[in-house]
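Shown next: model37.cif, given as mmCIF, C-alpha atoms.
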```cif
data_final
#
loop_
_atom_site.label_atom_id
_atom_site.label_comp_id
_atom_site.auth_asym_id
_atom_site.auth_seq_id
_atom_site.Cartn_x
_atom_site.Cartn_y
_atom_site.Cartn_z
CA MET O 1 -43.28 107.20 55.21
CA ALA O 2 -43.82 103.45 55.92
CA ALA O 3 -43.47 101.25 52.78
CA PRO O 4 -46.17 100.68 50.22
CA GLY O 5 -47.03 97.01 50.32
CA GLY O 6 -45.14 96.46 53.55
CA PHE O 7 -42.92 99.47 54.21
CA GLY O 8 -43.43 103.04 53.09
CA ASN O 9 -46.45 105.06 54.11
CA ALA O 10 -48.76 104.58 57.03
CA VAL O 11 -52.47 104.21 56.35
CA GLY O 12 -54.51 106.95 57.95
CA ALA O 13 -57.54 104.97 59.09
CA ALA O 14 -57.95 101.26 59.68
CA GLY O 15 -59.73 98.75 61.88
CA ALA O 16 -62.80 99.40 63.96
CA GLY O 17 -63.37 100.76 67.43
CA ARG O 18 -66.36 100.40 69.70
CA ALA O 19 -69.70 99.71 68.04
CA GLY O 20 -67.94 99.37 64.68
CA GLU O 21 -66.66 102.95 64.65
CA PRO O 22 -63.51 103.45 62.53
CA ARG O 23 -60.30 103.59 64.55
CA MET O 24 -57.90 106.29 63.46
CA GLN O 25 -54.26 105.45 62.91
CA TRP O 26 -51.53 108.05 63.10
CA GLU O 27 -48.10 108.29 61.56
CA VAL O 28 -45.83 109.31 64.44
CA GLU O 29 -42.67 110.45 62.71
CA GLN O 30 -39.53 112.43 63.37
CA LYS O 31 -36.97 113.41 60.76
CA PHE O 32 -33.36 114.36 61.36
CA ALA O 33 -30.67 115.99 59.25
CA VAL O 34 -27.63 113.71 59.20
CA ALA O 35 -24.34 115.54 59.74
CA ASP O 36 -22.21 112.44 60.48
CA PRO O 37 -23.55 109.47 58.47
CA HIS O 38 -20.98 106.98 59.75
CA ALA O 39 -21.76 107.73 63.41
CA VAL O 40 -25.53 107.48 62.92
CA LEU O 41 -25.26 104.25 60.92
CA ARG O 42 -23.11 102.73 63.67
CA ALA O 43 -25.67 103.75 66.29
CA LEU O 44 -28.49 102.24 64.22
CA ALA O 45 -26.56 98.98 63.86
CA ALA O 46 -25.97 98.88 67.62
CA ALA O 47 -29.70 99.39 68.20
CA GLY O 48 -30.46 96.37 65.99
CA VAL O 49 -31.81 97.82 62.74
CA VAL O 50 -32.54 95.31 59.98
CA TRP O 51 -32.14 96.95 56.58
CA GLU O 52 -34.10 96.18 53.43
CA ASP O 53 -33.15 96.80 49.80
CA GLU O 54 -32.64 100.39 48.71
CA ILE O 55 -35.44 101.88 46.59
CA SER O 56 -35.81 104.91 44.31
CA GLN O 57 -38.76 107.22 44.88
CA ALA O 58 -40.15 110.14 42.89
CA GLU O 59 -42.86 112.15 44.62
CA THR O 60 -44.82 114.86 42.82
CA TYR O 61 -46.78 117.18 45.12
CA TRP O 62 -49.99 118.85 43.96
CA ASN O 63 -51.73 121.95 45.24
CA HIS O 64 -55.50 122.27 45.68
CA PRO O 65 -57.29 124.62 43.24
CA ALA O 66 -59.32 126.34 45.99
CA ARG O 67 -57.05 126.27 49.05
CA ASP O 68 -53.29 126.44 49.51
CA PHE O 69 -51.92 123.26 51.10
CA ALA O 70 -48.88 125.24 52.21
CA LEU O 71 -51.21 127.26 54.47
CA THR O 72 -53.38 124.36 55.66
CA ASP O 73 -50.31 122.15 56.36
CA ALA O 74 -51.75 119.34 54.23
CA ALA O 75 -50.31 117.60 51.18
CA LEU O 76 -51.42 115.60 48.15
CA ARG O 77 -48.65 113.43 46.73
CA LEU O 78 -48.35 111.19 43.67
CA ARG O 79 -45.55 108.75 44.56
CA GLN O 80 -43.62 106.43 42.25
CA VAL O 81 -41.66 103.54 43.84
CA GLY O 82 -39.98 101.65 41.01
CA LEU O 83 -42.93 100.81 38.75
CA ARG O 84 -45.49 101.08 41.56
CA ASN O 85 -47.67 104.18 41.98
CA PHE O 86 -49.52 105.55 45.01
CA ILE O 87 -51.69 108.60 45.75
CA THR O 88 -51.33 109.96 49.28
CA TYR O 89 -53.11 112.59 51.36
CA LYS O 90 -51.32 113.94 54.44
CA GLY O 91 -53.31 115.89 57.00
CA PRO O 92 -51.99 118.74 59.18
CA ARG O 93 -49.36 117.97 61.82
CA ILE O 94 -50.97 117.78 65.26
CA ASP O 95 -48.10 118.82 67.55
CA ALA O 96 -45.04 121.06 67.57
CA ALA O 97 -42.42 118.40 68.40
CA THR O 98 -43.01 115.60 65.87
CA LYS O 99 -44.52 115.24 62.40
CA THR O 100 -47.49 113.24 63.69
CA ARG O 101 -50.36 113.44 61.22
CA GLN O 102 -53.11 111.44 59.55
CA GLU O 103 -52.01 109.80 56.32
CA LEU O 104 -54.24 108.10 53.74
CA GLU O 105 -52.64 106.21 50.88
CA VAL O 106 -54.19 104.28 47.98
CA PRO O 107 -52.29 102.17 45.42
CA LEU O 108 -52.72 102.95 41.73
CA PRO O 109 -52.01 100.78 38.68
CA ASP O 110 -48.31 100.20 38.03
CA GLY O 111 -46.20 101.84 35.36
CA PRO O 112 -45.34 105.29 34.01
CA GLN O 113 -48.46 105.49 31.82
CA ALA O 114 -50.80 105.09 34.80
CA ARG O 115 -48.86 107.71 36.73
CA GLU O 116 -49.06 110.15 33.82
CA GLN O 117 -52.78 109.52 33.31
CA PHE O 118 -53.57 110.10 36.98
CA GLY O 119 -51.59 113.33 36.84
CA GLN O 120 -53.72 114.37 33.87
CA ILE O 121 -56.87 113.69 35.93
CA LEU O 122 -55.56 115.90 38.75
CA SER O 123 -54.74 118.66 36.24
CA ALA O 124 -58.23 118.40 34.70
CA LEU O 125 -59.69 118.87 38.20
CA GLY O 126 -57.69 122.05 38.65
CA TYR O 127 -54.84 120.74 40.79
CA LEU O 128 -51.41 122.21 40.08
CA PRO O 129 -48.09 120.34 40.30
CA VAL O 130 -45.71 122.06 42.74
CA ALA O 131 -42.44 120.09 42.52
CA THR O 132 -41.07 116.56 42.39
CA VAL O 133 -38.89 115.21 45.20
CA GLN O 134 -36.36 112.60 44.03
CA LYS O 135 -34.73 110.37 46.64
CA GLN O 136 -32.92 107.13 47.29
CA ARG O 137 -34.40 105.45 50.36
CA LYS O 138 -32.97 102.57 52.38
CA PRO O 139 -35.78 101.28 54.61
CA GLY O 140 -35.34 99.23 57.75
CA ILE O 141 -37.11 97.88 60.82
CA LEU O 142 -36.05 98.29 64.43
CA ASN O 143 -37.77 96.98 67.57
CA TRP O 144 -37.70 99.57 70.34
CA ARG O 145 -39.67 99.54 73.62
CA ASN O 146 -41.77 96.68 72.26
CA LEU O 147 -42.79 98.75 69.25
CA GLU O 148 -41.91 98.29 65.59
CA VAL O 149 -40.10 101.39 64.36
CA HIS O 150 -39.85 102.02 60.62
CA VAL O 151 -36.47 103.50 59.77
CA SER O 152 -35.71 105.35 56.53
CA TRP O 153 -32.26 106.48 55.41
CA ASP O 154 -32.96 109.07 52.71
CA VAL O 155 -30.57 110.72 50.27
CA VAL O 156 -32.70 113.46 48.72
CA GLN O 157 -31.62 115.16 45.50
CA ASN O 158 -30.73 118.83 46.08
CA VAL O 159 -31.67 118.52 49.77
CA GLY O 160 -29.28 116.20 51.63
CA THR O 161 -29.18 113.07 53.79
CA TYR O 162 -31.88 112.49 56.40
CA LEU O 163 -33.01 109.85 58.87
CA GLU O 164 -36.70 109.23 59.50
CA LEU O 165 -38.11 107.27 62.45
CA GLU O 166 -41.78 106.30 62.39
CA VAL O 167 -44.25 104.34 64.49
CA VAL O 168 -47.85 103.74 63.40
CA ALA O 169 -50.25 104.07 66.33
CA ASP O 170 -53.97 104.36 67.04
CA ASP O 171 -55.41 106.96 69.41
CA ALA O 172 -54.78 104.80 72.49
CA GLY O 173 -51.12 104.25 71.65
CA LEU O 174 -50.31 107.72 70.38
CA ASP O 175 -48.48 109.04 73.46
CA LEU O 176 -46.52 105.80 73.87
CA ALA O 177 -45.43 105.95 70.22
CA LYS O 178 -44.26 109.55 70.55
CA LYS O 179 -42.20 108.70 73.65
CA ALA O 180 -40.66 105.69 71.92
CA VAL O 181 -39.57 107.71 68.89
CA GLU O 182 -38.13 110.42 71.11
CA SER O 183 -36.28 107.85 73.22
CA LEU O 184 -34.78 106.14 70.17
CA ALA O 185 -33.68 109.48 68.71
CA ASN O 186 -31.90 110.30 71.97
CA ARG O 187 -30.17 106.91 71.84
CA LEU O 188 -28.94 107.56 68.31
CA GLY O 189 -28.10 111.23 68.90
CA PRO O 190 -27.30 113.92 69.17
CA LEU O 191 -29.52 114.52 66.13
CA GLN O 192 -30.88 117.73 64.60
CA SER O 193 -34.67 117.46 64.30
CA GLU O 194 -36.26 118.74 61.07
CA ARG O 195 -40.03 119.33 60.92
CA ARG O 196 -40.08 120.73 57.39
CA SER O 197 -41.09 118.32 54.65
CA TYR O 198 -38.75 117.36 51.83
CA LEU O 199 -40.93 119.48 49.56
CA GLU O 200 -40.45 122.54 51.80
CA LEU O 201 -36.70 121.94 51.93
CA LEU O 202 -36.50 121.50 48.16
CA LEU O 203 -38.51 124.66 47.45
CA GLN O 204 -36.27 126.60 49.81
CA HIS O 205 -33.21 125.28 47.95
CA ILE O 206 -34.45 126.21 44.47
CA SER O 207 -36.02 129.58 45.40
#
```

Taking this structure as input, can you express it in the form of structure tokens?
Amino acid sequence: MAAPGGFGNAVGAAGAGRAGEPRMQWEVEQKFAVADPHAVLRALAAAGVVWEDEISQAETYWNHPARDFALTDAALRLRQVGLRNFITYKGPRIDAATKTRQELEVPLPDGPQAREQFGQILSALGYLPVATVQKQRKPGILNWRNLEVHVSWDVVQNVGTYLELEVVADDAGLDLAKKAVESLANRLGPLQSERRSYLELLLQHIS
């Protein structure tokens, strides 16, 4: 989720551990269906959220030619944010309570032509487009328990309004990040947790 170039999607691996070994980073995220937008926005304001400019996102998900990402709980996403393009791999979720998973994201050249050409490369390799998720996202930052929490207020076409809370953590800080996200959600609540992805929710809507 965290933002490309500052806020959007967390990077799945960064830094170095002991003896130069790569240190894994995790996207610790929870998503919530918003039944009462005014109440949740008031709670976020009271908690000290600092909002950024709203952005439009279009995310096309692709399926692997040899294995079904719906069964492996992984995802390959071609994301457009304004004129910027990104390719993202999401690994399987690692627990039953949050959407914590490895996420690897790489920027692509800007513009619709680059996005179309990269889609053509994926098609030539046998990948199949599944669906495109369209959303308006208002990102924000909130400091909670000495951690920086990325906040996203999403209005998703044909899906609904959702709140996402995310902390990026390495292995050592993973448990602390999970507890912080849970604590903040309780402060903002009551909220209805949603572990399904926007793609899963969209496919359910159109099926």

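Of the listed residues (O:Ala70, O:Pro65, O:Pro190, O:Val34), O:Pro65 comes nearest to O:Ala124; the distances count only C-alpha atoms.
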
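Proximity ranking of O:Ala169, O:Leu76, O:Met24, O:Val40 relative to O:Gln192 places O:Val40 first, based on all atoms listed in the file.
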
Once the PyMOL selection byres ((chain O and resi 157) around 10) has been evaluated on this model, what residues remain selected, and can you format them as a PDB file with C-alpha atoms, keeping the file's coordinate frame?
```pdb
ATOM      1  CA  VAL O 133     -38.890 115.210  45.200  1.00  0.00           C
ATOM      2  CA  GLN O 134     -36.360 112.600  44.030  1.00  0.00           C
ATOM      3  CA  LYS O 135     -34.730 110.370  46.640  1.00  0.00           C
ATOM      4  CA  GLN O 136     -32.920 107.130  47.290  1.00  0.00           C
ATOM      5  CA  ASP O 154     -32.960 109.070  52.710  1.00  0.00           C
ATOM      6  CA  VAL O 155     -30.570 110.720  50.270  1.00  0.00           C
ATOM      7  CA  VAL O 156     -32.700 113.460  48.720  1.00  0.00           C
ATOM      8  CA  ASN O 158     -30.730 118.830  46.080  1.00  0.00           C
ATOM      9  CA  VAL O 159     -31.670 118.520  49.770  1.00  0.00           C
ATOM     10  CA  GLY O 160     -29.280 116.200  51.630  1.00  0.00           C
ATOM     11  CA  THR O 161     -29.180 113.070  53.790  1.00  0.00           C
ATOM     12  CA  TYR O 198     -38.750 117.360  51.830  1.00  0.00           C
ATOM     13  CA  LEU O 202     -36.500 121.500  48.160  1.00  0.00           C
TER      14      LEU O 202
END
```

In terms of all atoms listed in the file, the residue from O:Val167, O:Val49, O:Ala114, O:Ala66 at minimal distance from O:Gln25 is O:Val167

Explicit residue set for the PyMOL selection byres ((chain O and resi 27) around 6), as number ranges by chain | O: 10, 26, 28-29, 100-101, 168

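Note that atom CA of O:His150 and atom CA of O:Tyr61 are 22.8 Å apart.
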
Please return, as a short mmCIF file (atom, residue, chain, number, x, y, z; two decimals) with C-alpha atoms, in the coordinates of the input, all polymer residues that have at least one atom within 12 Å of the point (-44.2, 119.0, 61.8); use all atoms listed in the file and the file's own coordinate frame.
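Full text of selection.cif as output:
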```cif
data_model
loop_
_atom_site.label_atom_id
_atom_site.label_comp_id
_atom_site.auth_asym_id
_atom_site.auth_seq_id
_atom_site.Cartn_x
_atom_site.Cartn_y
_atom_site.Cartn_z
CA GLU O 27 -48.10 108.29 61.56
CA VAL O 28 -45.83 109.31 64.44
CA GLU O 29 -42.67 110.45 62.71
CA GLN O 30 -39.53 112.43 63.37
CA LYS O 31 -36.97 113.41 60.76
CA PHE O 32 -33.36 114.36 61.36
CA ASP O 73 -50.31 122.15 56.36
CA ALA O 74 -51.75 119.34 54.23
CA LYS O 90 -51.32 113.94 54.44
CA GLY O 91 -53.31 115.89 57.00
CA PRO O 92 -51.99 118.74 59.18
CA ARG O 93 -49.36 117.97 61.82
CA ILE O 94 -50.97 117.78 65.26
CA ASP O 95 -48.10 118.82 67.55
CA ALA O 96 -45.04 121.06 67.57
CA ALA O 97 -42.42 118.40 68.40
CA THR O 98 -43.01 115.60 65.87
CA LYS O 99 -44.52 115.24 62.40
CA THR O 100 -47.49 113.24 63.69
CA ARG O 101 -50.36 113.44 61.22
CA GLN O 102 -53.11 111.44 59.55
CA SER O 193 -34.67 117.46 64.30
CA GLU O 194 -36.26 118.74 61.07
CA ARG O 195 -40.03 119.33 60.92
CA ARG O 196 -40.08 120.73 57.39
CA SER O 197 -41.09 118.32 54.65
CA TYR O 198 -38.75 117.36 51.83
CA GLU O 200 -40.45 122.54 51.80
#
```

Can you list, as a ChimeraX atom specification, every protein, DNA or RNA residue that comes within 7 Å of O:Asp110 when you count only C-alpha atoms, leaving out same-chain residues fewer than 4 positions away?
-> /O:83-85,114

Which residue out of O:Ile121, O:Leu147, O:Ala131, O:Ala47 has the minimum interatomic distance to O:Trp62 when only C-alpha atoms are used?
-> O:Ala131

Could you write stretch 110-168 of chain O of the block just shown to a file containing C-alpha atoms, as a PDB file, in the first residue's frame?
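File produced: result.pdb:
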```pdb
ATOM      1  CA  ASP O 110       6.056   6.973 -16.869  1.00  0.00           C
ATOM      2  CA  GLY O 111       3.105   7.297 -19.203  1.00  0.00           C
ATOM      3  CA  PRO O 112       0.343   5.187 -20.753  1.00  0.00           C
ATOM      4  CA  GLN O 113       2.566   3.882 -23.563  1.00  0.00           C
ATOM      5  CA  ALA O 114       5.069   2.353 -21.135  1.00  0.00           C
ATOM      6  CA  ARG O 115       2.242   0.762 -19.174  1.00  0.00           C
ATOM      7  CA  GLU O 116       0.733  -0.716 -22.333  1.00  0.00           C
ATOM      8  CA  GLN O 117       4.104  -2.008 -23.549  1.00  0.00           C
ATOM      9  CA  PHE O 118       4.857  -3.707 -20.234  1.00  0.00           C
ATOM     10  CA  GLY O 119       1.428  -5.321 -20.348  1.00  0.00           C
ATOM     11  CA  GLN O 120       2.293  -6.626 -23.811  1.00  0.00           C
ATOM     12  CA  ILE O 121       5.507  -8.148 -22.406  1.00  0.00           C
ATOM     13  CA  LEU O 122       3.525  -9.918 -19.665  1.00  0.00           C
ATOM     14  CA  SER O 123       1.054 -11.226 -22.260  1.00  0.00           C
ATOM     15  CA  ALA O 124       3.912 -12.476 -24.468  1.00  0.00           C
ATOM     16  CA  LEU O 125       5.257 -14.391 -21.450  1.00  0.00           C
ATOM     17  CA  GLY O 126       1.907 -16.090 -20.981  1.00  0.00           C
ATOM     18  CA  TYR O 127       0.506 -14.001 -18.129  1.00  0.00           C
ATOM     19  CA  LEU O 128      -3.219 -13.290 -18.260  1.00  0.00           C
ATOM     20  CA  PRO O 129      -4.920 -10.069 -17.108  1.00  0.00           C
ATOM     21  CA  VAL O 130      -7.554 -10.795 -14.442  1.00  0.00           C
ATOM     22  CA  ALA O 131      -9.210  -7.433 -13.711  1.00  0.00           C
ATOM     23  CA  THR O 132      -8.423  -3.768 -13.102  1.00  0.00           C
ATOM     24  CA  VAL O 133      -9.166  -2.146  -9.745  1.00  0.00           C
ATOM     25  CA  GLN O 134      -9.961   1.579 -10.011  1.00  0.00           C
ATOM     26  CA  LYS O 135      -9.798   3.690  -6.865  1.00  0.00           C
ATOM     27  CA  GLN O 136      -9.448   7.161  -5.438  1.00  0.00           C
ATOM     28  CA  ARG O 137      -6.950   7.112  -2.581  1.00  0.00           C
ATOM     29  CA  LYS O 138      -6.327   9.788   0.041  1.00  0.00           C
ATOM     30  CA  PRO O 139      -3.032   8.907   1.759  1.00  0.00           C
ATOM     31  CA  GLY O 140      -1.923  10.141   5.147  1.00  0.00           C
ATOM     32  CA  ILE O 141       0.644   9.670   7.906  1.00  0.00           C
ATOM     33  CA  LEU O 142      -0.056   9.084  11.580  1.00  0.00           C
ATOM     34  CA  ASN O 143       2.448   8.579  14.416  1.00  0.00           C
ATOM     35  CA  TRP O 144       1.284   5.864  16.797  1.00  0.00           C
ATOM     36  CA  ARG O 145       3.301   4.151  19.552  1.00  0.00           C
ATOM     37  CA  ASN O 146       6.459   5.732  18.138  1.00  0.00           C
ATOM     38  CA  LEU O 147       5.827   4.158  14.742  1.00  0.00           C
ATOM     39  CA  GLU O 148       4.929   5.797  11.447  1.00  0.00           C
ATOM     40  CA  VAL O 149       1.593   4.436  10.259  1.00  0.00           C
ATOM     41  CA  HIS O 150       0.617   4.866   6.614  1.00  0.00           C
ATOM     42  CA  VAL O 151      -3.094   5.579   6.330  1.00  0.00           C
ATOM     43  CA  SER O 152      -5.109   5.161   3.132  1.00  0.00           C
ATOM     44  CA  TRP O 153      -8.711   6.250   2.642  1.00  0.00           C
ATOM     45  CA  ASP O 154      -9.860   4.344  -0.444  1.00  0.00           C
ATOM     46  CA  VAL O 155     -13.021   4.752  -2.498  1.00  0.00           C
ATOM     47  CA  VAL O 156     -12.937   1.727  -4.793  1.00  0.00           C
ATOM     48  CA  GLN O 157     -15.125   1.587  -7.886  1.00  0.00           C
ATOM     49  CA  ASN O 158     -17.819  -1.115  -7.591  1.00  0.00           C
ATOM     50  CA  VAL O 159     -16.444  -2.155  -4.182  1.00  0.00           C
ATOM     51  CA  GLY O 160     -16.944   0.587  -1.576  1.00  0.00           C
ATOM     52  CA  THR O 161     -15.061   2.752   0.922  1.00  0.00           C
ATOM     53  CA  TYR O 162     -12.209   1.258   2.945  1.00  0.00           C
ATOM     54  CA  LEU O 163      -9.545   2.324   5.418  1.00  0.00           C
ATOM     55  CA  GLU O 164      -6.071   0.782   5.317  1.00  0.00           C
ATOM     56  CA  LEU O 165      -3.498   1.022   8.112  1.00  0.00           C
ATOM     57  CA  GLU O 166       0.069  -0.057   7.385  1.00  0.00           C
ATOM     58  CA  VAL O 167       3.423  -0.178   9.127  1.00  0.00           C
ATOM     59  CA  VAL O 168       6.616  -1.299   7.372  1.00  0.00           C
TER      60      VAL O 168
END
```
